[in-house]
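**Student:** TSV, C-alpha atoms and all ligand atoms, saved as coords23.tsv, coming up:
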chain	number	residue	atom	x	y	z
A	228	MET	CA	51.80	2.32	-70.53
A	229	LYS	CA	54.60	0.27	-72.05
A	230	ASN	CA	52.57	-2.91	-72.56
A	231	THR	CA	49.76	-2.88	-75.12
A	232	LYS	CA	48.11	-5.92	-73.54
A	233	ILE	CA	47.48	-7.01	-69.97
A	234	THR	CA	49.71	-9.86	-68.82
A	235	LEU	CA	49.43	-12.08	-65.73
A	236	ALA	CA	52.27	-10.04	-64.23
A	237	HIS	CA	49.94	-7.01	-64.06
A	238	GLY	CA	48.15	-8.94	-61.29
A	239	SER	CA	51.28	-10.05	-59.43
A	240	GLY	CA	51.35	-7.19	-56.94
A	241	GLY	CA	54.87	-6.39	-58.14
A	242	LYS	CA	56.38	-3.97	-60.63
A	243	LEU	CA	53.77	-4.19	-63.39
A	244	THR	CA	50.89	-3.89	-60.91
A	245	HIS	CA	52.52	-0.72	-59.63
A	246	GLU	CA	52.94	0.55	-63.19
A	247	LEU	CA	49.25	-0.08	-63.86
A	248	VAL	CA	48.18	1.64	-60.64
A	249	LYS	CA	50.49	4.63	-61.02
A	250	GLY	CA	50.19	4.90	-64.82
A	251	LEU	CA	46.44	4.43	-65.25
A	252	PHE	CA	44.25	4.13	-62.15
A	253	LEU	CA	45.86	6.81	-60.00
A	254	PRO	CA	45.96	9.60	-62.63
A	255	SER	CA	42.43	8.72	-63.85
A	256	PHE	CA	40.74	8.65	-60.45
A	257	THR	CA	43.04	11.22	-58.87
A	258	ASN	CA	42.20	12.33	-55.34
A	259	THR	CA	44.09	12.79	-52.08
A	260	VAL	CA	42.68	9.66	-50.43
A	261	LEU	CA	43.59	7.32	-53.28
A	262	SER	CA	47.03	8.84	-53.70
A	263	GLN	CA	47.97	7.55	-50.22
A	264	LEU	CA	47.90	4.04	-51.73
A	265	GLY	CA	47.27	2.51	-48.32
A	266	ASP	CA	45.96	-0.98	-47.68
A	267	SER	CA	42.70	0.78	-46.90
A	268	ALA	CA	41.46	4.24	-47.83
A	269	LEU	CA	41.25	6.51	-44.79
A	270	LEU	CA	38.16	8.69	-44.79
A	271	GLN	CA	37.20	11.43	-42.42
A	272	LEU	CA	33.46	11.82	-41.92
A	273	LYS	CA	32.54	14.48	-39.39
A	274	ASP	CA	34.47	13.39	-36.29
A	275	MET	CA	34.77	9.77	-37.37
A	276	ASN	CA	37.73	8.16	-39.11
A	277	LEU	CA	36.74	5.33	-41.39
A	278	ALA	CA	38.86	2.79	-43.23
A	279	PHE	CA	37.47	1.38	-46.47
A	280	THR	CA	39.00	-1.33	-48.65
A	281	THR	CA	38.23	-3.83	-51.40
A	282	ASP	CA	39.83	-6.97	-52.78
A	283	SER	CA	38.96	-9.59	-55.36
A	284	TYR	CA	39.90	-13.24	-54.99
A	285	VAL	CA	40.66	-15.52	-57.92
A	286	VAL	CA	42.75	-18.17	-56.18
A	287	LYS	CA	43.22	-21.45	-58.03
A	288	PRO	CA	42.42	-24.03	-56.71
A	289	LEU	CA	39.44	-22.89	-54.62
A	290	PHE	CA	40.50	-25.13	-51.70
A	291	PHE	CA	44.03	-25.56	-50.37
A	292	PRO	CA	45.64	-26.75	-47.11
A	293	GLY	CA	44.86	-24.16	-44.44
A	294	GLY	CA	42.04	-22.38	-46.22
A	295	ASP	CA	39.86	-21.72	-49.24
A	296	ILE	CA	38.73	-18.77	-51.35
A	297	GLY	CA	36.07	-17.83	-48.79
A	298	ARG	CA	38.36	-17.71	-45.78
A	299	LEU	CA	40.89	-15.84	-47.89
A	300	ALA	CA	38.32	-13.25	-49.01
A	301	VAL	CA	37.18	-12.46	-45.48
A	302	CYS	CA	40.63	-12.56	-43.85
A	303	GLY	CA	42.31	-10.55	-46.61
A	304	THR	CA	39.88	-7.66	-46.29
A	305	ILE	CA	39.89	-7.76	-42.50
A	306	ASN	CA	43.70	-7.64	-42.56
A	307	ASP	CA	43.80	-4.67	-44.93
A	308	LEU	CA	41.60	-2.83	-42.43
A	309	ALA	CA	43.59	-3.98	-39.40
A	310	VAL	CA	46.99	-2.86	-40.71
A	311	VAL	CA	45.84	0.75	-41.01
A	312	GLY	CA	44.76	0.61	-37.37
A	313	ALA	CA	41.05	0.08	-38.01
A	314	ARG	CA	38.64	-2.10	-36.09
A	315	PRO	CA	36.90	-4.09	-38.86
A	316	LEU	CA	33.12	-3.82	-38.67
A	317	PHE	CA	31.28	-4.54	-41.91
A	318	LEU	CA	32.00	-6.52	-45.06
A	319	SER	CA	30.35	-6.97	-48.41
A	320	ALA	CA	30.58	-10.16	-50.42
A	321	GLY	CA	30.26	-10.33	-54.21
A	322	PHE	CA	30.18	-13.72	-55.93
A	323	ILE	CA	30.93	-14.35	-59.60
A	324	ILE	CA	29.97	-17.96	-60.11
A	325	GLU	CA	30.48	-20.15	-63.15
A	326	GLU	CA	27.49	-22.13	-64.36
A	327	GLY	CA	27.88	-25.76	-63.27
A	328	LEU	CA	29.70	-25.12	-59.99
A	329	GLU	CA	28.75	-27.76	-57.43
A	330	MET	CA	26.38	-26.25	-54.89
A	331	SER	CA	28.20	-28.15	-52.13
A	332	LEU	CA	31.42	-26.29	-52.98
A	333	LEU	CA	29.69	-22.93	-52.77
A	334	GLU	CA	28.18	-23.95	-49.44
A	335	LYS	CA	31.62	-24.87	-48.08
A	336	VAL	CA	33.06	-21.52	-49.20
A	337	VAL	CA	30.18	-19.59	-47.63
A	338	CYS	CA	30.59	-21.58	-44.41
A	339	SER	CA	34.29	-20.59	-44.24
A	340	MET	CA	33.36	-16.95	-44.79
A	341	LYS	CA	30.81	-17.12	-42.00
A	342	GLU	CA	33.31	-18.73	-39.62
A	343	ALA	CA	36.01	-16.14	-40.27
A	344	ALA	CA	33.52	-13.29	-39.95
A	345	VAL	CA	32.07	-14.61	-36.67
A	346	PHE	CA	35.58	-15.18	-35.28
A	347	THR	CA	36.55	-11.57	-35.90
A	348	GLY	CA	33.21	-10.04	-34.99
A	349	VAL	CA	32.43	-8.55	-38.40
A	350	ASP	CA	29.08	-8.74	-40.17
A	351	ILE	CA	28.68	-9.39	-43.87
A	352	VAL	CA	25.95	-6.83	-44.49
A	353	THR	CA	25.57	-6.61	-48.25
A	354	GLY	CA	26.38	-8.68	-51.28
A	355	ASP	CA	25.89	-9.52	-54.92
A	356	THR	CA	25.57	-12.67	-57.01
A	357	LYS	CA	26.36	-13.02	-60.71
A	358	VAL	CA	26.49	-16.22	-62.73
A	359	VAL	CA	28.46	-16.49	-65.98
A	360	GLU	CA	28.26	-19.22	-68.62
A	361	ARG	CA	30.27	-22.40	-68.38
A	362	GLY	CA	33.84	-21.69	-69.45
A	363	SER	CA	33.68	-17.95	-68.68
A	364	ALA	CA	35.19	-18.21	-65.19
A	365	ASP	CA	37.13	-20.69	-63.18
A	366	GLY	CA	34.40	-21.91	-60.86
A	367	LEU	CA	34.15	-18.97	-58.50
A	368	TYR	CA	35.55	-15.49	-57.93
A	369	VAL	CA	34.80	-13.53	-54.78
A	370	ASN	CA	35.04	-9.82	-54.06
A	371	THR	CA	34.89	-8.39	-50.57
A	372	CYS	CA	34.83	-4.79	-49.38
A	373	GLY	CA	35.28	-3.80	-45.78
A	374	ILE	CA	34.64	-0.86	-43.50
A	375	GLY	CA	36.26	-0.26	-40.14
A	376	ILE	CA	36.65	2.54	-37.62
A	377	VAL	CA	40.01	4.05	-36.76
A	378	ASP	CA	40.41	5.53	-33.29
A	379	ASN	CA	41.12	9.28	-33.39
A	380	THR	CA	44.43	8.78	-31.60
A	381	ILE	CA	45.77	6.41	-34.27
A	382	HIS	CA	47.89	7.69	-37.09
A	383	PHE	CA	50.30	5.36	-38.83
A	384	SER	CA	52.41	6.66	-41.68
A	385	THR	CA	55.74	5.99	-43.32
A	386	ALA	CA	56.39	9.71	-42.70
A	387	LEU	CA	56.87	8.84	-38.99
A	388	ILE	CA	59.67	6.37	-39.71
A	389	GLU	CA	63.15	7.30	-38.38
A	390	VAL	CA	66.63	5.86	-38.49
A	391	GLY	CA	66.96	3.14	-35.84
A	392	ASP	CA	63.32	1.99	-36.03
A	393	LYS	CA	63.01	-1.78	-36.11
A	394	ILE	CA	61.18	-3.99	-38.56
A	395	ILE	CA	59.21	-6.93	-37.23
A	396	VAL	CA	57.52	-9.68	-39.22
A	397	SER	CA	54.84	-11.55	-37.30
A	398	GLY	CA	55.89	-15.04	-38.39
A	399	THR	CA	57.17	-17.39	-41.08
A	400	ILE	CA	57.05	-16.10	-44.64
A	401	GLY	CA	55.98	-17.77	-47.88
A	402	ASP	CA	53.52	-20.25	-46.36
A	403	HIS	CA	50.45	-19.19	-48.33
A	404	GLY	CA	52.01	-19.03	-51.79
A	405	MET	CA	53.76	-22.36	-51.39
A	406	ALA	CA	50.63	-24.05	-49.97
A	407	VAL	CA	48.54	-22.95	-52.96
A	408	LEU	CA	51.26	-23.85	-55.44
A	409	SER	CA	51.81	-27.34	-54.04
A	410	GLU	CA	48.07	-27.99	-54.05
A	411	ARG	CA	47.67	-26.66	-57.59
A	412	GLU	CA	50.56	-28.69	-58.95
A	413	SER	CA	49.68	-31.74	-56.80
A	414	LEU	CA	53.23	-31.87	-55.47
A	415	GLY	CA	52.09	-34.16	-52.65
A	416	PHE	CA	54.31	-32.81	-49.89
A	417	SER	CA	53.85	-34.73	-46.66
A	418	PRO	CA	52.82	-33.18	-44.39
A	419	PRO	CA	51.25	-30.66	-46.79
A	420	ILE	CA	52.40	-27.06	-46.51
A	421	GLN	CA	49.64	-25.10	-44.75
A	422	SER	CA	48.56	-21.63	-45.80
A	423	ASP	CA	48.89	-19.03	-43.05
A	424	CYS	CA	45.53	-17.50	-44.09
A	425	ALA	CA	44.20	-15.95	-40.87
A	426	PRO	CA	42.57	-12.81	-39.52
A	427	LEU	CA	45.08	-10.53	-37.79
A	428	SER	CA	42.74	-7.96	-36.31
A	429	GLY	CA	42.85	-9.47	-32.80
A	430	MET	CA	46.64	-9.57	-32.62
A	431	ILE	CA	47.05	-6.14	-34.18
A	432	GLY	CA	44.39	-4.73	-31.86
A	433	ASN	CA	46.37	-6.00	-28.86
A	434	LEU	CA	49.57	-4.51	-30.24
A	435	ILE	CA	47.93	-1.11	-30.69
A	436	ALA	CA	46.30	-1.27	-27.24
A	437	SER	CA	49.70	-1.96	-25.65
A	438	GLY	CA	50.77	1.56	-26.55
A	439	VAL	CA	54.00	0.59	-28.33
A	440	ASN	CA	55.13	3.25	-30.77
A	441	ILE	CA	53.98	1.76	-34.09
A	442	LYS	CA	55.08	3.84	-37.08
A	443	PHE	CA	53.59	1.82	-39.94
A	444	MET	CA	52.13	-1.60	-40.75
A	445	ARG	CA	51.43	-3.54	-43.92
A	446	ASP	CA	50.46	-7.12	-44.69
A	447	PRO	CA	52.99	-8.71	-47.05
A	448	THR	CA	50.54	-10.44	-49.40
A	449	ARG	CA	51.21	-10.66	-53.18
A	450	GLY	CA	54.83	-9.95	-53.98
A	451	GLY	CA	55.81	-11.11	-50.51
A	452	LEU	CA	57.94	-9.50	-47.83
A	453	ALA	CA	60.39	-8.12	-50.41
A	454	THR	CA	57.74	-6.16	-52.28
A	455	THR	CA	56.18	-4.79	-49.08
A	456	LEU	CA	59.55	-3.61	-47.78
A	457	THR	CA	60.48	-2.01	-51.12
A	458	GLU	CA	57.11	-0.22	-51.12
A	459	ILE	CA	57.88	1.16	-47.67
A	460	ALA	CA	61.48	2.06	-48.54
A	461	SER	CA	60.43	3.88	-51.71
A	462	THR	CA	58.58	6.44	-49.56
A	463	LEU	CA	61.57	7.08	-47.26
A	464	GLN	CA	64.69	9.20	-47.32
A	465	TYR	CA	66.26	6.28	-45.48
A	466	GLY	CA	67.07	2.71	-46.29
A	467	ILE	CA	66.03	-0.64	-44.85
A	468	VAL	CA	68.46	-3.40	-43.91
A	469	ILE	CA	67.13	-6.87	-43.14
A	470	GLU	CA	69.09	-9.88	-41.92
A	471	GLU	CA	68.43	-13.13	-43.75
A	472	ARG	CA	69.19	-15.30	-40.72
A	473	ASN	CA	66.50	-13.53	-38.68
A	474	ILE	CA	63.73	-13.99	-41.24
A	475	PRO	CA	61.55	-16.94	-40.19
A	476	VAL	CA	60.91	-19.51	-42.93
A	477	LYS	CA	59.44	-22.97	-42.33
A	478	ASN	CA	61.66	-25.88	-43.40
A	479	GLY	CA	59.06	-27.25	-45.82
A	480	VAL	CA	58.62	-23.85	-47.48
A	481	ARG	CA	62.36	-23.35	-47.73
A	482	ALA	CA	62.81	-26.83	-49.23
A	483	LEU	CA	60.06	-26.35	-51.82
A	484	CYS	CA	61.40	-22.91	-52.74
A	485	GLU	CA	64.86	-24.37	-53.27
A	486	ILE	CA	63.55	-27.21	-55.43
A	487	LEU	CA	61.47	-24.87	-57.60
A	488	GLY	CA	63.88	-21.95	-57.65
A	489	TYR	CA	61.72	-19.45	-55.74
A	490	ASP	CA	62.84	-16.91	-53.18
A	491	PRO	CA	60.61	-16.98	-50.06
A	492	LEU	CA	61.04	-13.21	-49.81
A	493	TYR	CA	58.74	-12.87	-52.84
A	494	ILE	CA	56.14	-15.49	-51.89
A	495	ALA	CA	52.71	-14.33	-50.73
A	496	ASN	CA	51.54	-14.41	-47.13
A	497	GLU	CA	47.92	-14.14	-45.98
A	498	GLY	CA	48.32	-14.09	-42.22
A	499	LYS	CA	51.38	-11.96	-41.56
A	500	VAL	CA	52.03	-8.33	-40.79
A	501	VAL	CA	55.16	-6.22	-41.13
A	502	VAL	CA	55.43	-3.68	-38.32
A	503	VAL	CA	57.82	-0.73	-38.22
A	504	VAL	CA	58.21	0.20	-34.57
A	505	SER	CA	60.48	2.53	-32.59
A	506	GLU	CA	63.73	0.92	-31.45
A	507	LYS	CA	62.93	1.13	-27.74
A	508	ASP	CA	59.63	-0.71	-28.16
A	509	ALA	CA	60.77	-3.42	-30.58
A	510	VAL	CA	61.37	-6.26	-28.12
A	511	ASN	CA	58.16	-5.47	-26.28
A	512	ALA	CA	56.20	-5.38	-29.55
A	513	ARG	CA	57.64	-8.73	-30.63
A	514	GLY	CA	56.60	-10.21	-27.26
A	515	ILE	CA	53.03	-8.96	-27.66
A	516	LEU	CA	52.80	-10.44	-31.16
A	517	ARG	CA	54.17	-13.76	-29.89
A	518	GLN	CA	51.38	-14.01	-27.31
A	519	ASP	CA	48.98	-14.60	-30.18
A	520	GLU	CA	48.86	-17.96	-31.99
A	521	VAL	CA	49.16	-16.19	-35.39
A	522	GLY	CA	52.20	-14.23	-34.17
A	523	LYS	CA	54.06	-16.92	-32.25
A	524	ASP	CA	57.03	-16.88	-34.65
A	525	ALA	CA	57.38	-13.08	-34.76
A	526	GLU	CA	60.93	-11.82	-35.24
A	527	ILE	CA	62.77	-8.54	-35.45
A	528	ILE	CA	64.26	-8.84	-38.92
A	529	GLY	CA	65.87	-5.51	-39.62
A	530	GLU	CA	66.03	-1.78	-39.13
A	531	ILE	CA	65.89	1.63	-40.73
A	532	VAL	CA	69.31	2.97	-41.73
A	533	ASP	CA	70.67	6.17	-43.29
A	534	GLU	CA	71.81	4.65	-46.56
A	535	PRO	CA	71.06	3.59	-49.24
A	536	SER	CA	68.09	5.92	-49.29
A	537	GLY	CA	64.90	4.42	-50.72
A	538	ARG	CA	66.31	0.90	-51.01
A	539	VAL	CA	66.14	-2.41	-49.17
A	540	CYS	CA	69.35	-4.35	-48.51
A	541	LEU	CA	69.58	-7.93	-47.36
A	542	LYS	CA	72.46	-9.09	-45.21
A	543	THR	CA	72.79	-12.67	-46.38
A	544	ALA	CA	73.39	-15.61	-44.05
A	545	ILE	CA	77.00	-15.84	-45.28
A	546	GLY	CA	77.66	-12.15	-44.62
A	547	GLY	CA	77.17	-10.58	-48.06
A	548	MET	CA	74.88	-7.66	-48.91
A	549	ARG	CA	72.44	-7.51	-51.76
A	550	ILE	CA	69.77	-5.10	-52.91
A	551	VAL	CA	66.24	-6.44	-52.67
A	552	ASP	CA	63.99	-5.24	-55.47
A	553	MET	CA	60.26	-5.39	-56.05
A	554	LEU	CA	58.82	-8.54	-57.60
A	555	VAL	CA	59.29	-8.55	-61.37
A	556	GLY	CA	57.17	-10.83	-63.56
A	557	ASP	CA	54.43	-13.17	-62.43
A	558	GLN	CA	56.17	-15.56	-60.13
A	559	LEU	CA	52.98	-17.28	-58.99
A	560	PRO	CA	49.75	-16.11	-60.63
A	561	ARG	CA	46.38	-16.58	-58.95
A	562	ILE	CA	47.49	-17.33	-55.44
A	563	CYS	CA	44.88	-15.04	-53.89
B	601	MG	MG	47.43	-5.31	-47.89
Have the structure of the file written as structure tokens, please.
Ligand code: MG

**Tutor:**
Amino acid sequence: MKNTKITLAHGSGGKLTHELVKGLFLPSFTNTVLSQLGDSALLQLKDMNLAFTTDSYVVKPLFFPGGDIGRLAVCGTINDLAVVGARPLFLSAGFIIEEGLEMSLLEKVVCSMKEAAVFTGVDIVTGDTKVVERGSADGLYVNTCGIGIVDNTIHFSTALIEVGDKIIVSGTIGDHGMAVLSERESLGFSPPIQSDCAPLSGMIGNLIASGVNIKFMRDPTRGGLATTLTEIASTLQYGIVIEERNIPVKNGVRALCEILGYDPLYIANEGKVVVVVSEKDAVNARGILRQDEVGKDAEIIGEIVDEPSGRVCLKTAIGGMRIVDMLVGDQLPRIC
């Protein structure tokens, strides 16, 4: 490892996170399941295919427009299961609580977790509580793990991706990161930017059930759409081209990004999915996503091309081309 100390950028989901995963965790824990580096681990037990995933939540502040750490913790894990084609079933919830936290805040967080779990039909079946001294944590951290079942007929992989396949994003990008940032910095936007934090398992389930030829899915969380697409491209012999004018961005998010010098392509989402789908099914797939409230702004934003292999290119609104790279640095720490 190049760095001798951990920096905030190691938790950004971008380049340094990848270095940490590929330089330390992957070689230390080496096995064929982990090496897939999917949103969930895919496990075969007898004739059952299970998906298993975990995530920790350290968002600051704990409450923001459109959600809170509890809703985020349940939705994030449900979405990591859903994007690998699993039906989410069971969750765990681990709480690391700082001494002095208002009980009413914890109750609100737990209530959000319950609501999101009931909405998606998952049960929180096991958990853990730890309390640390005042000053040792920032109020509350939450960890969730999730288990889901993957139908035997489902197999999504970047290895199925071909030239001509289309790339769909299920709605506007950058909402979550900008909502948390404006709340944290008390930027007082009116109306406030709302996080997109939402469970996607219903919408994704409908998309799968429709029979469209899905090749691969991923939720563009930390590191944003750009990082997710570069992750996908890095596994391909092909390239990805996306068109800036087709990428949905809310006006408020675009304005705040411009003021602060951020690129919405790199801002986290918590209620969006990127779908790579065969060309012939793309319009149909977009229509199915749009039938769902969380997918109403779905757009076809790009396609798989021959060249440049392994890279993502952006056709800009004014007709230029630029290479899109993975997130470098810690653009927005602690947004999830
Ligand atoms: Mg994910």

**Student:** Rank A:Ile531, A:Ile467, A:Ile324, A:Val337 by their smallest atom-to-atom distance to Arg549 in chain A, using only C-alpha atoms, and report the top residue only.

**Tutor:**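 Result for the nearest residue to Arg549 in chain A: A:Ile467.
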
**Student:** To one decimal place in Å, what is the distance between CA of Asp378 in chain A and CA of Val310 in chain A?

**Tutor:** 13.0 Å

**Student:** Pick from A:Met430, A:Ile562, A:Val358, A:Val501: nearest to ligand MG 601 (chain B), with only C-alpha atoms and all ligand atoms counted?

**Tutor:** A:Val501

**Student:** How many Å separate CA of Gly294 in chain A from CA of Cys424 in chain A?

**Tutor:**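 So the answer is 6.4 Å.
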
**Student:** For range 312-314 of chain A, find every residue with an atom within 6 Å (counting only C-alpha atoms), except residues of its own chain fewer than 3 positions away, and show them as a PDB file with C-alpha atoms, in the frame of the given file.

**Tutor:**
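Contents of selection.pdb, as written:
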ATOM      1  CA  LEU A 308      41.600  -2.830 -42.430  1.00  0.00           C
ATOM      2  CA  ALA A 309      43.590  -3.980 -39.400  1.00  0.00           C
ATOM      3  CA  GLY A 375      36.260  -0.260 -40.140  1.00  0.00           C
ATOM      4  CA  ILE A 376      36.650   2.540 -37.620  1.00  0.00           C
ATOM      5  CA  VAL A 377      40.010   4.050 -36.760  1.00  0.00           C
TER       6      VAL A 377
END

**Student:** Residues within 7 Å of ligand MG 601 (chain B) (all atoms listed in the file), as an MDAnalysis selection string?

**Tutor:** chainID A and resid 266 306:307 445:448

**Student:** Work out how far apart CA of Arg517 in chain A and CA of Ala344 in chain A are and give it in Å to one decimal.

**Tutor:** 23.0 Å

**Student:** Using only C-alpha atoms, find the one residue out of A:Gly546, A:Gly327, A:Pro418, A:Gly438 that sits nearest to Glu470 in chain A.

**Tutor:** A:Gly546

**Student:** Restricting the calculation to all atoms listed in the file, which member of A:Thr462, A:Ser413, A:Thr234, A:Asn511 is positioned closest to Val439 in chain A?

**Tutor:**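 For Val439 in chain A, the nearest of the given residues is A:Asn511.
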
**Student:** Pick from A:Asn440, A:Thr244, A:Ser255, A:Asn370: nearest to Ser505 in chain A, with all atoms listed in the file counted?

**Tutor:** A:Asn440

**Student:** Counting all atoms listed in the file, which of A:Asp423, A:Arg411, A:Asp392, A:Arg449 gets nearest to Val510 in chain A?

**Tutor:**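 Checking each candidate against Val510 in chain A, we get A:Asp392 as the closest.
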
**Student:** Hey, could you pull the box centre and edge lengths for range 407-425 of chain A, axis-aligned, 4 Å padding per side, all listed atoms, to one decimal in Å, as JSON?

**Tutor:**
{"center_x": 49.3, "center_y": -25.3, "center_z": -49.9, "size_x": 18.1, "size_y": 26.8, "size_z": 26.1}

**Student:** Which residues come within 12 Å of Val345 in chain A, counting all atoms listed in the file, excluding same-chain residues fewer than 6 positions away, as a PyMOL selection string?

**Tutor:** chain A and resi 298+301-302+305+315-318+338-339+351+426

**Student:** At a cut-off of 6 Å, using only C-alpha atoms, what residues contact Gly401 in chain A? Leave out same-chain residues fewer than 6 positions from it and give the result as a JSON list (two decimals) with C-alpha atoms, in the coordinates of the input.

**Tutor:**
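Wrote it out as result_32.json, contents follow:
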[["chain", "number", "residue", "atom", "x", "y", "z"],
["A", 491, "PRO", "CA", 60.61, -16.98, -50.06],
["A", 494, "ILE", "CA", 56.14, -15.49, -51.89],
["A", 495, "ALA", "CA", 52.71, -14.33, -50.73],
["A", 496, "ASN", "CA", 51.54, -14.41, -47.13]]

**Student:** Write out as a PyMOL selection string which residues come within 7 Å of Ser319 in chain A when counting only C-alpha atoms, dropping same-chain ones fewer than 6 positions away.

**Tutor:** chain A and resi 351-354+371-373
